[in-house]
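Novice: Input file: entry_18.txt. Contents: compact mmCIF, C-alpha atoms.
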# COMPACT_ATOMS: atom_id res chain seq x y z
CA MET A 1 68.45 24.95 -32.31
CA THR A 2 65.99 22.51 -30.75
CA LEU A 3 64.35 23.35 -27.47
CA THR A 4 65.32 20.80 -24.84
CA PRO A 5 62.97 20.12 -21.87
CA LEU A 6 65.24 21.86 -19.37
CA ASN A 7 65.53 24.92 -21.58
CA ALA A 8 61.73 25.02 -21.84
CA VAL A 9 61.50 25.05 -18.05
CA PHE A 10 64.15 27.79 -17.98
CA LEU A 11 62.08 29.97 -20.31
CA GLY A 12 59.07 29.44 -18.05
CA VAL A 13 61.17 30.52 -15.05
CA ILE A 14 62.21 33.70 -16.88
CA LEU A 15 58.57 34.45 -17.72
CA LEU A 16 57.59 34.14 -14.05
CA LEU A 17 60.59 36.26 -12.99
CA VAL A 18 59.71 39.00 -15.46
CA ILE A 19 56.06 39.08 -14.39
CA GLY A 20 57.07 39.14 -10.72
CA PHE A 21 59.55 42.01 -11.20
CA TYR A 22 57.05 44.00 -13.25
CA GLY A 23 54.36 43.49 -10.61
CA LEU A 24 56.73 44.53 -7.85
CA LEU A 25 57.53 47.76 -9.68
CA ILE A 26 53.95 48.82 -10.44
CA THR A 27 52.10 47.61 -7.34
CA ARG A 28 51.08 49.97 -4.51
CA ASN A 29 48.87 47.73 -2.41
CA LEU A 30 50.74 46.12 0.53
CA ILE A 31 48.96 42.77 0.28
CA LYS A 32 49.44 42.68 -3.46
CA ILE A 33 53.16 43.22 -2.94
CA VAL A 34 53.26 40.09 -0.76
CA LEU A 35 51.36 38.25 -3.47
CA VAL A 36 53.75 39.34 -6.22
CA LEU A 37 56.71 38.44 -4.03
CA GLN A 38 55.28 34.92 -3.86
CA ILE A 39 55.32 34.73 -7.65
CA LEU A 40 58.97 35.78 -7.71
CA VAL A 41 59.92 33.18 -5.11
CA LYS A 42 58.12 30.42 -7.01
CA ALA A 43 60.26 31.26 -10.03
CA VAL A 44 63.36 31.08 -7.84
CA VAL A 45 62.33 27.70 -6.41
CA VAL A 46 61.91 26.21 -9.89
CA ALA A 47 65.23 27.78 -10.94
CA LEU A 48 67.05 26.19 -7.99
CA VAL A 49 65.65 22.74 -8.74
CA LEU A 50 66.42 23.25 -12.43
CA ALA A 51 70.01 24.20 -11.63
CA GLY A 52 70.34 21.13 -9.43
CA LYS A 53 68.99 18.94 -12.20
CA ALA A 54 71.26 20.50 -14.83
CA SER A 55 74.36 20.17 -12.66
CA GLY A 56 73.56 16.59 -11.74
CA ASN A 57 73.01 17.38 -8.06
CA LEU A 58 69.25 17.43 -7.63
CA GLY A 59 69.46 16.80 -3.87
CA LEU A 60 71.34 20.05 -3.27
CA GLY A 61 68.90 22.00 -5.44
CA GLN A 62 65.96 20.53 -3.54
CA SER A 63 67.56 21.32 -0.19
CA LEU A 64 68.10 24.96 -1.11
CA ALA A 65 64.61 25.20 -2.59
CA ALA A 66 63.07 23.90 0.65
CA THR A 67 64.99 26.50 2.64
CA VAL A 68 63.80 29.25 0.31
CA ILE A 69 60.17 28.07 0.61
CA VAL A 70 60.34 28.16 4.43
CA ALA A 71 61.97 31.60 4.50
CA ASP A 72 59.49 32.98 1.99
CA THR A 73 56.53 31.66 3.94
CA ILE A 74 57.77 33.34 7.12
CA VAL A 75 58.30 36.58 5.21
CA ALA A 76 54.75 36.37 3.85
CA VAL A 77 53.26 35.64 7.28
CA VAL A 78 55.05 38.54 8.99
CA ALA A 79 54.34 40.91 6.10
CA LEU A 80 50.63 40.06 6.17
CA ALA A 81 50.50 40.59 9.93
CA LEU A 82 52.17 43.97 9.44
CA ALA A 83 49.68 44.81 6.70
CA VAL A 84 46.79 44.02 9.05
CA GLN A 85 48.26 46.32 11.71
CA VAL A 86 48.90 49.10 9.14
CA ARG A 87 45.33 48.83 7.89
CA ARG A 88 43.95 49.05 11.43
CA ARG A 89 46.06 52.07 12.41
CA VAL A 90 46.29 54.05 9.16
CA GLY A 91 43.12 52.89 7.41
CA THR A 92 44.65 52.15 4.05
CA LEU A 93 47.06 49.75 2.38
CA ASP A 94 48.25 52.17 -0.27
CA LEU A 95 52.02 52.56 -0.10
CA ALA A 96 51.92 56.17 -1.30
CA LYS A 97 49.49 57.16 1.45
CA ILE A 98 51.15 55.38 4.37
CA SER A 99 54.65 56.54 3.48
CA THR A 100 55.90 59.38 5.64
CA LEU A 101 59.02 59.96 3.56
CA ARG A 102 58.88 63.03 1.37
CA GLY A 103 61.50 63.78 -1.26
CA MET B 1 56.49 15.49 -25.87
CA GLU B 2 58.14 16.32 -22.55
CA THR B 3 59.15 19.72 -23.94
CA VAL B 4 55.55 20.47 -24.91
CA ASP B 5 54.42 19.62 -21.37
CA TYR B 6 56.94 22.00 -19.87
CA ILE B 7 56.01 24.76 -22.34
CA LEU B 8 52.31 24.39 -21.51
CA LEU B 9 53.05 24.40 -17.78
CA GLY B 10 55.24 27.49 -18.14
CA LEU B 11 52.64 29.35 -20.19
CA GLY B 12 49.87 28.34 -17.78
CA SER B 13 51.76 29.48 -14.70
CA ALA B 14 52.76 32.73 -16.46
CA PHE B 15 49.11 33.36 -17.39
CA CYS B 16 47.95 32.75 -13.80
CA ALA B 17 50.75 34.98 -12.47
CA TYR B 18 49.79 37.76 -14.89
CA ARG B 19 46.11 37.51 -13.92
CA ALA B 20 47.07 37.54 -10.24
CA MET B 21 49.09 40.70 -10.84
CA ILE B 22 46.53 42.69 -12.84
CA SER B 23 43.34 41.60 -11.10
CA LYS B 24 41.61 44.56 -9.46
CA HIS B 25 40.33 42.54 -6.49
CA LEU B 26 42.52 40.65 -4.07
CA LEU B 27 40.46 37.46 -3.74
CA PRO B 28 40.77 36.47 -7.45
CA SER B 29 44.45 37.38 -7.23
CA THR B 30 44.84 34.96 -4.34
CA LEU B 31 43.11 32.17 -6.24
CA TYR B 32 45.27 32.77 -9.32
CA LEU B 33 48.34 32.61 -7.05
CA ALA B 34 47.15 29.20 -5.84
CA GLY B 35 46.92 28.22 -9.52
CA VAL B 36 50.53 29.29 -10.06
CA SER B 37 51.55 27.16 -7.07
CA ALA B 38 49.72 24.12 -8.42
CA LEU B 39 51.31 24.42 -11.87
CA VAL B 40 54.76 24.99 -10.35
CA THR B 41 54.20 21.87 -8.25
CA VAL B 42 53.52 19.80 -11.38
CA THR B 43 56.67 21.21 -12.98
CA LEU B 44 58.74 20.32 -9.91
CA TYR B 45 57.27 16.81 -9.88
CA LEU B 46 58.12 16.27 -13.55
CA LEU B 47 61.67 17.48 -12.86
CA GLY B 48 62.04 14.74 -10.24
CA ALA B 49 61.95 16.99 -7.16
CA TYR B 50 59.18 15.08 -5.41
CA GLU B 51 59.83 16.29 -1.85
CA VAL B 52 59.95 19.98 -2.80
CA ALA B 53 56.82 19.49 -4.91
CA VAL B 54 54.93 18.25 -1.86
CA ILE B 55 56.22 21.15 0.27
CA GLU B 56 55.31 23.67 -2.42
CA LEU B 57 51.81 22.26 -2.80
CA SER B 58 51.07 22.17 0.93
CA VAL B 59 52.70 25.49 1.78
CA GLY B 60 52.35 27.53 -1.41
CA ALA B 61 48.91 26.45 -2.57
CA GLY B 62 47.57 25.61 0.88
CA LEU B 63 48.94 27.59 3.80
CA VAL B 64 49.68 30.88 2.03
CA THR B 65 46.32 30.86 0.23
CA VAL B 66 44.42 30.23 3.46
CA LEU B 67 46.43 32.94 5.18
CA LEU B 68 45.71 35.47 2.42
CA VAL B 69 41.99 34.68 2.45
CA TYR B 70 41.96 35.02 6.26
CA VAL B 71 43.69 38.41 6.06
CA LEU B 72 41.20 39.56 3.42
CA SER B 73 38.31 38.48 5.64
CA VAL B 74 39.81 40.42 8.57
CA ILE B 75 40.59 43.71 6.85
CA GLY B 76 38.22 43.66 3.88
CA GLU B 77 39.01 44.67 0.34
CA ASP B 78 40.75 47.93 -0.40
CA VAL B 79 39.77 49.78 -3.52
CA PHE B 80 42.67 48.93 -5.74
CA ASP B 81 44.42 51.93 -7.20
CA PRO B 82 45.83 51.02 -10.62
CA THR B 83 48.23 53.95 -10.88
CA SER B 84 51.78 52.79 -10.25
CA ILE B 85 54.57 54.67 -8.48
CA ILE B 86 56.87 54.59 -11.49
CA PRO B 87 55.55 54.90 -15.07
CA LYS B 88 54.49 51.57 -16.55
CA PRO B 89 56.53 51.95 -19.77
CA LEU B 90 59.67 52.54 -17.71
CA ALA B 91 58.89 49.48 -15.56
CA PHE B 92 58.32 47.43 -18.71
CA LEU B 93 61.65 48.54 -20.17
CA LEU B 94 63.50 47.72 -16.94
CA VAL B 95 61.93 44.29 -16.72
CA ALA B 96 62.54 43.54 -20.39
CA GLY B 97 66.18 44.49 -19.86
CA ILE B 98 66.48 42.16 -16.86
CA GLY B 99 64.83 39.28 -18.73
CA GLY B 100 67.02 39.82 -21.78
CA LEU B 101 70.12 39.91 -19.60
CA VAL B 102 69.23 36.64 -17.87
CA ILE B 103 68.58 34.94 -21.21
CA TRP B 104 71.83 36.32 -22.66
CA MET B 105 73.86 35.10 -19.68
CA ALA B 106 72.36 31.67 -19.04
CA TYR B 107 70.54 30.44 -22.16
CA PRO B 108 70.90 27.68 -23.30
CA LEU B 109 71.49 25.69 -20.14
CA THR B 110 74.56 23.50 -20.14
CA ILE B 111 73.96 20.04 -18.73
CA HIS B 112 76.66 18.51 -16.53
CA PRO B 113 76.05 14.79 -16.02
CA ASN B 114 76.80 13.70 -12.46
CA THR B 115 79.58 11.11 -12.41
CA ASN B 116 79.48 10.54 -8.65
CA GLY B 117 75.98 9.10 -8.57
CA GLU B 118 72.77 10.63 -7.28
CA VAL B 119 72.83 11.95 -3.71
CA LEU B 120 69.54 11.67 -1.85
CA LEU B 121 67.83 14.78 -0.47
CA ALA B 122 67.82 13.40 3.09
CA GLU B 123 71.58 12.96 3.00
CA VAL B 124 72.14 16.47 1.63
CA LEU B 125 69.69 18.05 4.06
CA TRP B 126 70.78 16.31 7.27
CA LYS B 127 74.51 15.85 6.64
CA GLN B 128 75.78 18.43 4.18
CA ARG B 129 73.32 21.28 4.86
CA ALA B 130 72.55 20.75 8.54
CA LEU B 131 72.96 24.46 9.22
CA ASP B 132 70.09 25.17 6.82
CA VAL B 133 67.82 22.97 8.92
CA TRP B 134 68.67 24.91 12.08
CA VAL B 135 68.11 28.18 10.23
CA GLN B 136 64.70 26.90 9.12
CA VAL B 137 63.79 25.96 12.70
CA ALA B 138 64.83 29.42 13.92
CA LEU B 139 62.88 31.05 11.08
CA ILE B 140 59.71 29.14 11.86
CA PHE B 141 59.99 29.93 15.57
CA SER B 142 60.63 33.63 14.96
CA GLY B 143 57.80 33.75 12.44
CA VAL B 144 55.31 32.23 14.86
CA MET B 145 56.42 34.54 17.68
CA GLY B 146 56.29 37.55 15.37
CA VAL B 147 52.76 36.79 14.26
CA LEU B 148 51.59 36.21 17.82
CA GLY B 149 53.09 39.54 18.85
CA LEU B 150 51.73 41.46 15.89
CA LEU B 151 48.21 40.07 15.85
CA SER B 152 47.63 40.19 19.60
CA GLU B 153 45.16 42.90 20.62
CA LYS B 154 46.46 45.05 23.45
CA ALA B 155 44.10 46.69 25.96
CA HIS B 156 43.79 50.46 25.98
CA PRO B 157 46.79 51.84 27.89
CA GLN B 158 44.69 54.12 30.17
CA GLU B 159 42.41 51.24 31.18
CA GLN B 160 45.34 48.91 31.63
CA GLU B 161 47.45 51.18 33.82
CA MET B 162 44.69 52.78 35.95
CA PRO B 163 44.82 51.62 39.60
CA VAL B 164 41.72 50.18 41.23
CA HIS B 165 41.26 53.01 43.76
CA GLU B 166 41.19 55.57 40.93
CA ILE B 167 38.47 53.59 39.17
CA HIS B 168 36.43 53.60 42.43
CA ALA B 169 37.01 57.35 42.77
CA ILE B 170 35.66 57.93 39.27
CA HIS B 171 32.59 55.85 40.09
CA ASP B 172 32.04 57.86 43.33
CA GLU B 173 32.37 61.16 41.47
CA HIS B 174 29.87 59.96 38.90
CA ALA B 175 27.41 58.95 41.64
CA VAL B 176 27.77 62.37 43.33
CA ALA B 177 27.17 64.14 40.02
CA VAL B 178 24.01 62.12 39.42
CA GLN B 179 22.77 62.90 42.96
CA ILE B 180 23.35 66.67 42.47
CA GLU B 181 21.55 66.55 39.14
CA LYS B 182 18.54 64.85 40.77
CA GLU B 183 18.43 67.47 43.53
CA ILE B 184 18.55 70.31 41.00
CA HIS B 185 15.65 68.82 39.04
CA ALA B 186 13.69 68.29 42.26
Hey, can you dump this file as structure tokens for me?
Specialist:
Amino acid sequence: MTLTPLNAVFLGVILLLVIGFYGLLITRNLIKIVLVLQILVKAVVVALVLAGKASGNLGLGQSLAATVIVADTIVAVVALALAVQVRRRVGTLDLAKISTLRG
Amino acid sequence: METVDYILLGLGSAFCAYRAMISKHLLPSTLYLAGVSALVTVTLYLLGAYEVAVIELSVGAGLVTVLLVYVLSVIGEDVFDPTSIIPKPLAFLLVAGIGGLVIWMAYPLTIHPNTNGEVLLAEVLWKQRALDVWVQVALIFSGVMGVLGLLSEKAHPQEQEMPVHEIHAIHDEHAVAVQIEKEIHA
């Protein structure tokens, strides 16, 4: 089976998704979590455009991708502001140390 | 040839993403994330999504990178603790399962040629998905307001709420105490 260009992009998207998920699972630093979330969203943006291209409706894929980019940027901005406040009040960005939940 | 380009772009962005994830310091991680954004932008451009490529480059590689560097300059670098909450082998197995499932469900991609002709992004965005535009406006507004509220430094509550006559009383008491101390020493 020959690898078509769109399938090559799809494999790249899966690579980014896998790295993003893995980073999200193993990361404890708040800022690093925002960073890894960005990687995941970039994979999703490429996947949306790819789906639009494959279904012959690139405009719709681009529209959804733009919405996702805006939403993700707002999430990153608010999360970073929260991280700054957490660092000022608690003194650390480690999730395990700032968590008050005990199982 | 086009396939080779996409493979190289995918491998490059995956490498940058991996380096951003495992780097012990946050500043190199931020720069590698900007590299991921740049490579993703090239991929989007080659796919024909020119408008989204421009947005991704300006927002992903520009705004978010500047924001991360600013936050790092404000709070400084934390010593990065490499130990993860869940064991790394378990995380690797979970992620491998997810990746395998996605490949099993969607690979290879089936191409559906559009018989109705290409619809422009502007037409989709302003006519078919107008609600998305309003949601984006609300998101941007709420994001700006949230950041202003979170980053604003509030005055100390005791200083803020103390009436003026109480402040004068404290000053008078302090002056009396100093006077008594002088008399004792004399």
Novice: Show me, as a PyMOL selection string, every residue of chain B with an atom at most 7 Å from chain A, counting only C-alpha atoms.
Specialist: chain B and resi 2-3+6-7+10-11+14+17-18+21+44+49+52+75+84-86+88+91-92+95+99+108-114+118-121+124-125+132+136+139-140+143+146-147+150-151
Novice: When distances are computed from all atoms listed in the file, which of B:Met1, B:Tyr45, B:Val66, B:Tyr32 shows the smallest separation from Cys16 of chain B?
Specialist: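 Ranking B:Met1, B:Tyr45, B:Val66, B:Tyr32 by distance to Cys16 of chain B, first place goes to B:Tyr32.
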Novice: Set the distance at 9 Å and use only C-alpha atoms: which residues neighbour Val69 of chain B once local chain neighbours fewer than 3 positions away are removed? I'd like the list as a ChimeraX atom specification.
Specialist: /B:26-27,30,64-66,72-74
Novice: Residues within 9 Å of (47.5, 28.4, -5.2), file coordinates, counting all atoms listed in the file: what are they? Give the list as a PyMOL selection string.
Specialist: chain B and resi 30-39+57+60-62+64-65
Novice: Could you tell me how far atom CA of Gly76 of chain B lies from atom CA of His25 of chain B, in Å and to one decimal?
Specialist: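 It comes out at 10.6 Å.
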Novice: Just to confirm, what's the straight-line distance from atom CA of Glu51 of chain B to atom CA of Leu48 of chain A in Å (one decimal)?
Specialist: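 Separation of atom CA of Glu51 of chain B and atom CA of Leu48 of chain A: 13.7 Å.
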Novice: Reconstruct N, CA and C atoms of segment 32-47 of chain A from the incomplete input and present them as an mmCIF file, keeping the file's coordinate frame.
Specialist:
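That gives us selection26.cif:
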data_model
loop_
_atom_site.group_PDB
_atom_site.id
_atom_site.type_symbol
_atom_site.label_atom_id
_atom_site.label_comp_id
_atom_site.auth_asym_id
_atom_site.auth_seq_id
_atom_site.Cartn_x
_atom_site.Cartn_y
_atom_site.Cartn_z
ATOM 1 N N LYS A 32 49.096 43.094 -2.089
ATOM 2 C CA LYS A 32 49.440 42.680 -3.460
ATOM 3 C C LYS A 32 50.958 42.543 -3.614
ATOM 4 N N ILE A 33 51.708 43.348 -2.888
ATOM 5 C CA ILE A 33 53.160 43.220 -2.940
ATOM 6 C C ILE A 33 53.594 41.857 -2.397
ATOM 7 N N VAL A 34 52.965 41.423 -1.294
ATOM 8 C CA VAL A 34 53.260 40.090 -0.760
ATOM 9 C C VAL A 34 52.943 39.023 -1.793
ATOM 10 N N LEU A 35 51.821 39.210 -2.466
ATOM 11 C CA LEU A 35 51.360 38.250 -3.470
ATOM 12 C C LEU A 35 52.349 38.159 -4.647
ATOM 13 N N VAL A 36 52.811 39.322 -5.090
ATOM 14 C CA VAL A 36 53.750 39.340 -6.220
ATOM 15 C C VAL A 36 55.103 38.763 -5.814
ATOM 16 N N LEU A 37 55.467 39.019 -4.556
ATOM 17 C CA LEU A 37 56.710 38.440 -4.030
ATOM 18 C C LEU A 37 56.642 36.911 -4.053
ATOM 19 N N GLN A 38 55.471 36.378 -3.798
ATOM 20 C CA GLN A 38 55.280 34.920 -3.860
ATOM 21 C C GLN A 38 55.549 34.398 -5.269
ATOM 22 N N ILE A 39 55.081 35.148 -6.258
ATOM 23 C CA ILE A 39 55.320 34.730 -7.650
ATOM 24 C C ILE A 39 56.814 34.686 -7.946
ATOM 25 N N LEU A 40 57.518 35.740 -7.491
ATOM 26 C CA LEU A 40 58.970 35.780 -7.710
ATOM 27 C C LEU A 40 59.657 34.578 -7.058
ATOM 28 N N VAL A 41 59.249 34.268 -5.835
ATOM 29 C CA VAL A 41 59.920 33.180 -5.110
ATOM 30 C C VAL A 41 59.619 31.830 -5.765
ATOM 31 N N LYS A 42 58.424 31.677 -6.318
ATOM 32 C CA LYS A 42 58.120 30.420 -7.010
ATOM 33 C C LYS A 42 59.054 30.238 -8.215
ATOM 34 N N ALA A 43 59.314 31.339 -8.910
ATOM 35 C CA ALA A 43 60.260 31.260 -10.030
ATOM 36 C C ALA A 43 61.641 30.862 -9.526
ATOM 37 N N VAL A 44 62.043 31.407 -8.395
ATOM 38 C CA VAL A 44 63.360 31.080 -7.840
ATOM 39 C C VAL A 44 63.438 29.618 -7.416
ATOM 40 N N VAL A 45 62.350 29.098 -6.833
ATOM 41 C CA VAL A 45 62.330 27.700 -6.410
ATOM 42 C C VAL A 45 62.510 26.768 -7.612
ATOM 43 N N VAL A 46 61.767 27.046 -8.686
ATOM 44 C CA VAL A 46 61.910 26.210 -9.890
ATOM 45 C C VAL A 46 63.322 26.357 -10.450
ATOM 46 N N ALA A 47 63.874 27.570 -10.412
ATOM 47 C CA ALA A 47 65.230 27.780 -10.940
ATOM 48 C C ALA A 47 66.261 27.003 -10.141
#
